[in-house]
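A quick write-up on the structure given underneath.
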Amino acid sequence: MELFHRETNIDFMGIRKVTGFFSILLFAVSLILLVTKGLNFALDFTGGTQLECRFSNPVSLEEVRTKLSTHGFPEAKLSFYGSTNDILIRLGAKAGENSTEANEMVGQKVVAALQDDKTKVELRRVEFVGAEVGDNLAQQGALAVIVALMATMVYIAFRFEFRFAISAAVALLHDPILILGIFSGLQLEFDLATLAAILAVIGYSLNDTIVVYDRVRENFRKVRVQSTEEILNLSINQTLSRTLMTSALTLIVVLALFFFGGASLKGFSTAFIIGIVIGTYSSIYIAGALSLMLGLKRQHLMPKPKEVDETP
């Protein structure tokens with residue numbers, strides 16, 4: 001199944017300097033935002049109090065959020081779990097709230113704010129997530145991204161060629177930094193689900209890049225008269241239909257999560273939507289162009305001739 005009835009003939013490599021400058025600019029802006037504004041870490045990383053409340057009647061998140069806001073909890077994060085009678089409430093950490101007595105007092109205040117004559121509230125569980133746990137999660141998350149990139153470089157260098165490995169690693173680093181830059185600039189909440197989305201985007205983008213690289217190697221061996229730039233253009237055009245169809249279908253699923261998945265999946269779906277767009281762009285415009293800049297030649301991907309033992 002093809003998106004285009006005829007094979008496209010777009011000169012992707014001809015505009016590589018323009019797209020390269022655009023990517024460097026976005027990358028630099030993202031780094032500046034991360035340094036100056038930082039990320040809006042969720043309770044998973046910053047620590048705080050988490051409460052599980054069961055309501056006698058089904059309630060809406062907006063109704064609960066309004067009640068909490070009027071009683072001194074304007075930044076509470078809410079999500080359903082199980083049913084519309086059960087709500088998970090996350091409150092940011094404050095000084096002196098890391099004790100059992102403090103957590104119980106917070107729980108009583110929340111129940112008093114939500115309970116009325118028509119609706120009874122049962123506080124099922126209260127727990128405090130310390131900032132030390134959040135720091136540990138942040139460090140492990142960063143380590144997971146680094147390990148994923150290093151493993152990717154080793155795999156591609158073994159499977160294809162080291163110039164492809166470096167190009168793919170730079171393209172994959174480009175994607176999460178831009179996602180983090182957008183989250184920093186808009187101050188969107190960054191939680192563990194968002195981190196999972198970034199790791200998924202790395203794998204998703206890598207899959208597209210590997211498809212392009214495999215076609216490049218195949219075309220180098222089949223087409224002997226074209227230059228490296230022409231081979232890269234040919235390979236990207238041949239895989240363009242597959243790349244765009246895969247991205248579009250995945251985007252439809254993630255958009256469904258964004259609109260109907262609830263607040264708990266908002267960060268995950270937002271990061272994935274951004275990642276699909278950026279990952280598709282980097283697979284088409286960055287990965288191949290970088291390998292060309294690093295001096296990729298036909299002989300680098302040609303099979304090595306077998307040595308023949310001429311000894312009688």
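Letters A, B, ... go to the chains of the structure tokens in the order shown; residues in each chain start at 1; ligands are counted from 1 in the same order.
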Each residue of segment 135-216 of chain A lying at most 6 Å from segment 279-285 of chain A should get a row with its shortest atom-to-atom pair and the distance in Å to one decimal, counting only C-alpha atoms; could you produce that, ordered by chain and increasing number, as a Markdown table?
```
| residue | atom | partner | partner_atom | distance |
| --- | --- | --- | --- | --- |
| A:Ala171 | CA | A:Ser282 | CA | 5.9 |
| A:Ser205 | CA | A:Gly279 | CA | 4.8 |
| A:Thr209 | CA | A:Ser283 | CA | 5.1 |
```
Find the residues around Ala197 of chain A up to 12 Å (only C-alpha atoms counted), leave out those fewer than 6 positions away in its own chain, and share them as a list in words. Gly141, Val145, Asp175, Pro176, Ile179, Leu180, Phe190, Asp191, Gly203, Tyr204, Ser205, Val254, Leu265, Lys266, Gly267, Phe268, Ser269, Thr270, Ala271, Phe272, Ile273, Ile274, Gly275 and Ile276 of chain A
Can you write just those residues out, N, CA and C atoms, as a PDB file, in the first residue's frame?
```
ATOM      1  N   GLY A 141      16.202   8.417  34.724  1.00  0.00           N
ATOM      2  CA  GLY A 141      15.606   8.721  33.423  1.00  0.00           C
ATOM      3  C   GLY A 141      16.637   9.242  32.441  1.00  0.00           C
ATOM      4  N   VAL A 145      18.057   7.454  28.833  1.00  0.00           N
ATOM      5  CA  VAL A 145      18.181   8.086  27.522  1.00  0.00           C
ATOM      6  C   VAL A 145      19.598   7.928  26.979  1.00  0.00           C
ATOM      7  N   ASP A 175      15.851  14.898  18.657  1.00  0.00           N
ATOM      8  CA  ASP A 175      14.408  14.743  18.904  1.00  0.00           C
ATOM      9  C   ASP A 175      14.019  14.993  20.363  1.00  0.00           C
ATOM     10  N   PRO A 176      14.622  14.299  21.350  1.00  0.00           N
ATOM     11  CA  PRO A 176      14.205  14.545  22.740  1.00  0.00           C
ATOM     12  C   PRO A 176      14.531  15.949  23.240  1.00  0.00           C
ATOM     13  N   ILE A 179      11.767  18.160  22.124  1.00  0.00           N
ATOM     14  CA  ILE A 179      10.562  17.897  22.927  1.00  0.00           C
ATOM     15  C   ILE A 179      10.681  18.561  24.291  1.00  0.00           C
ATOM     16  N   LEU A 180      11.840  18.396  24.923  1.00  0.00           N
ATOM     17  CA  LEU A 180      12.057  19.006  26.239  1.00  0.00           C
ATOM     18  C   LEU A 180      12.022  20.529  26.141  1.00  0.00           C
ATOM     19  N   PHE A 190       5.947  17.826  33.379  1.00  0.00           N
ATOM     20  CA  PHE A 190       6.806  16.718  32.952  1.00  0.00           C
ATOM     21  C   PHE A 190       6.781  15.638  34.033  1.00  0.00           C
ATOM     22  N   ASP A 191       6.216  14.477  33.688  1.00  0.00           N
ATOM     23  CA  ASP A 191       6.131  13.384  34.652  1.00  0.00           C
ATOM     24  C   ASP A 191       6.765  12.120  34.075  1.00  0.00           C
ATOM     25  N   GLY A 203      12.891   5.272  20.022  1.00  0.00           N
ATOM     26  CA  GLY A 203      12.741   4.015  19.293  1.00  0.00           C
ATOM     27  C   GLY A 203      11.969   4.174  18.002  1.00  0.00           C
ATOM     28  N   TYR A 204      10.931   4.997  18.041  1.00  0.00           N
ATOM     29  CA  TYR A 204      10.106   5.233  16.847  1.00  0.00           C
ATOM     30  C   TYR A 204      10.926   5.909  15.754  1.00  0.00           C
ATOM     31  N   SER A 205      11.664   6.960  16.109  1.00  0.00           N
ATOM     32  CA  SER A 205      12.486   7.678  15.149  1.00  0.00           C
ATOM     33  C   SER A 205      13.593   6.790  14.605  1.00  0.00           C
ATOM     34  N   VAL A 254      -2.385   8.376  18.722  1.00  0.00           N
ATOM     35  CA  VAL A 254      -1.929   9.219  19.829  1.00  0.00           C
ATOM     36  C   VAL A 254      -2.867  10.399  20.034  1.00  0.00           C
ATOM     37  N   LEU A 265      -2.823  10.828  30.985  1.00  0.00           N
ATOM     38  CA  LEU A 265      -2.092  10.528  29.751  1.00  0.00           C
ATOM     39  C   LEU A 265      -1.804  11.769  28.920  1.00  0.00           C
ATOM     40  N   LYS A 266      -2.129  12.944  29.458  1.00  0.00           N
ATOM     41  CA  LYS A 266      -1.964  14.171  28.682  1.00  0.00           C
ATOM     42  C   LYS A 266      -0.495  14.430  28.349  1.00  0.00           C
ATOM     43  N   GLY A 267       0.384  14.300  29.345  1.00  0.00           N
ATOM     44  CA  GLY A 267       1.798  14.537  29.100  1.00  0.00           C
ATOM     45  C   GLY A 267       2.382  13.517  28.141  1.00  0.00           C
ATOM     46  N   PHE A 268       2.015  12.253  28.319  1.00  0.00           N
ATOM     47  CA  PHE A 268       2.508  11.187  27.442  1.00  0.00           C
ATOM     48  C   PHE A 268       2.102  11.445  25.998  1.00  0.00           C
ATOM     49  N   SER A 269       0.816  11.712  25.772  1.00  0.00           N
ATOM     50  CA  SER A 269       0.331  11.899  24.407  1.00  0.00           C
ATOM     51  C   SER A 269       0.873  13.177  23.781  1.00  0.00           C
ATOM     52  N   THR A 270       1.009  14.248  24.575  1.00  0.00           N
ATOM     53  CA  THR A 270       1.568  15.493  24.044  1.00  0.00           C
ATOM     54  C   THR A 270       3.004  15.292  23.572  1.00  0.00           C
ATOM     55  N   ALA A 271       3.813  14.646  24.414  1.00  0.00           N
ATOM     56  CA  ALA A 271       5.206  14.393  24.040  1.00  0.00           C
ATOM     57  C   ALA A 271       5.294  13.489  22.818  1.00  0.00           C
ATOM     58  N   PHE A 272       4.401  12.522  22.728  1.00  0.00           N
ATOM     59  CA  PHE A 272       4.432  11.594  21.596  1.00  0.00           C
ATOM     60  C   PHE A 272       4.013  12.297  20.305  1.00  0.00           C
ATOM     61  N   ILE A 273       3.016  13.170  20.380  1.00  0.00           N
ATOM     62  CA  ILE A 273       2.594  13.919  19.188  1.00  0.00           C
ATOM     63  C   ILE A 273       3.743  14.776  18.662  1.00  0.00           C
ATOM     64  N   ILE A 274       4.377  15.510  19.576  1.00  0.00           N
ATOM     65  CA  ILE A 274       5.527  16.333  19.172  1.00  0.00           C
ATOM     66  C   ILE A 274       6.635  15.447  18.620  1.00  0.00           C
ATOM     67  N   GLY A 275       6.875  14.308  19.280  1.00  0.00           N
ATOM     68  CA  GLY A 275       7.945  13.414  18.870  1.00  0.00           C
ATOM     69  C   GLY A 275       7.720  12.792  17.502  1.00  0.00           C
ATOM     70  N   ILE A 276       6.481  12.462  17.175  1.00  0.00           N
ATOM     71  CA  ILE A 276       6.187  11.891  15.855  1.00  0.00           C
ATOM     72  C   ILE A 276       6.534  12.891  14.757  1.00  0.00           C
TER      73      ILE A 276
END
```
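Ranking A:Leu114, A:Leu123, A:Leu206, A:Ile236 by their shortest atom-to-atom distance to Met153 of chain A, with only C-alpha atoms included, puts A:Leu206 first.
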If we count only C-alpha atoms and set the cut-off at 8 Å, which residues sit around segment 68-79 of chain A, ignoring sequence neighbours fewer than 5 positions away in its own chain? Please answer as a PyMOL selection string. chain A and resi 61+87-92+110+113-114+262-264
Selected residue, from A:Ile15, A:Phe162, A:Glu7, A:Gly185, that lies nearest to Leu240 of chain A when counting only C-alpha atoms: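 The shortest atom-to-atom distance to Leu240 of chain A comes from A:Glu7.
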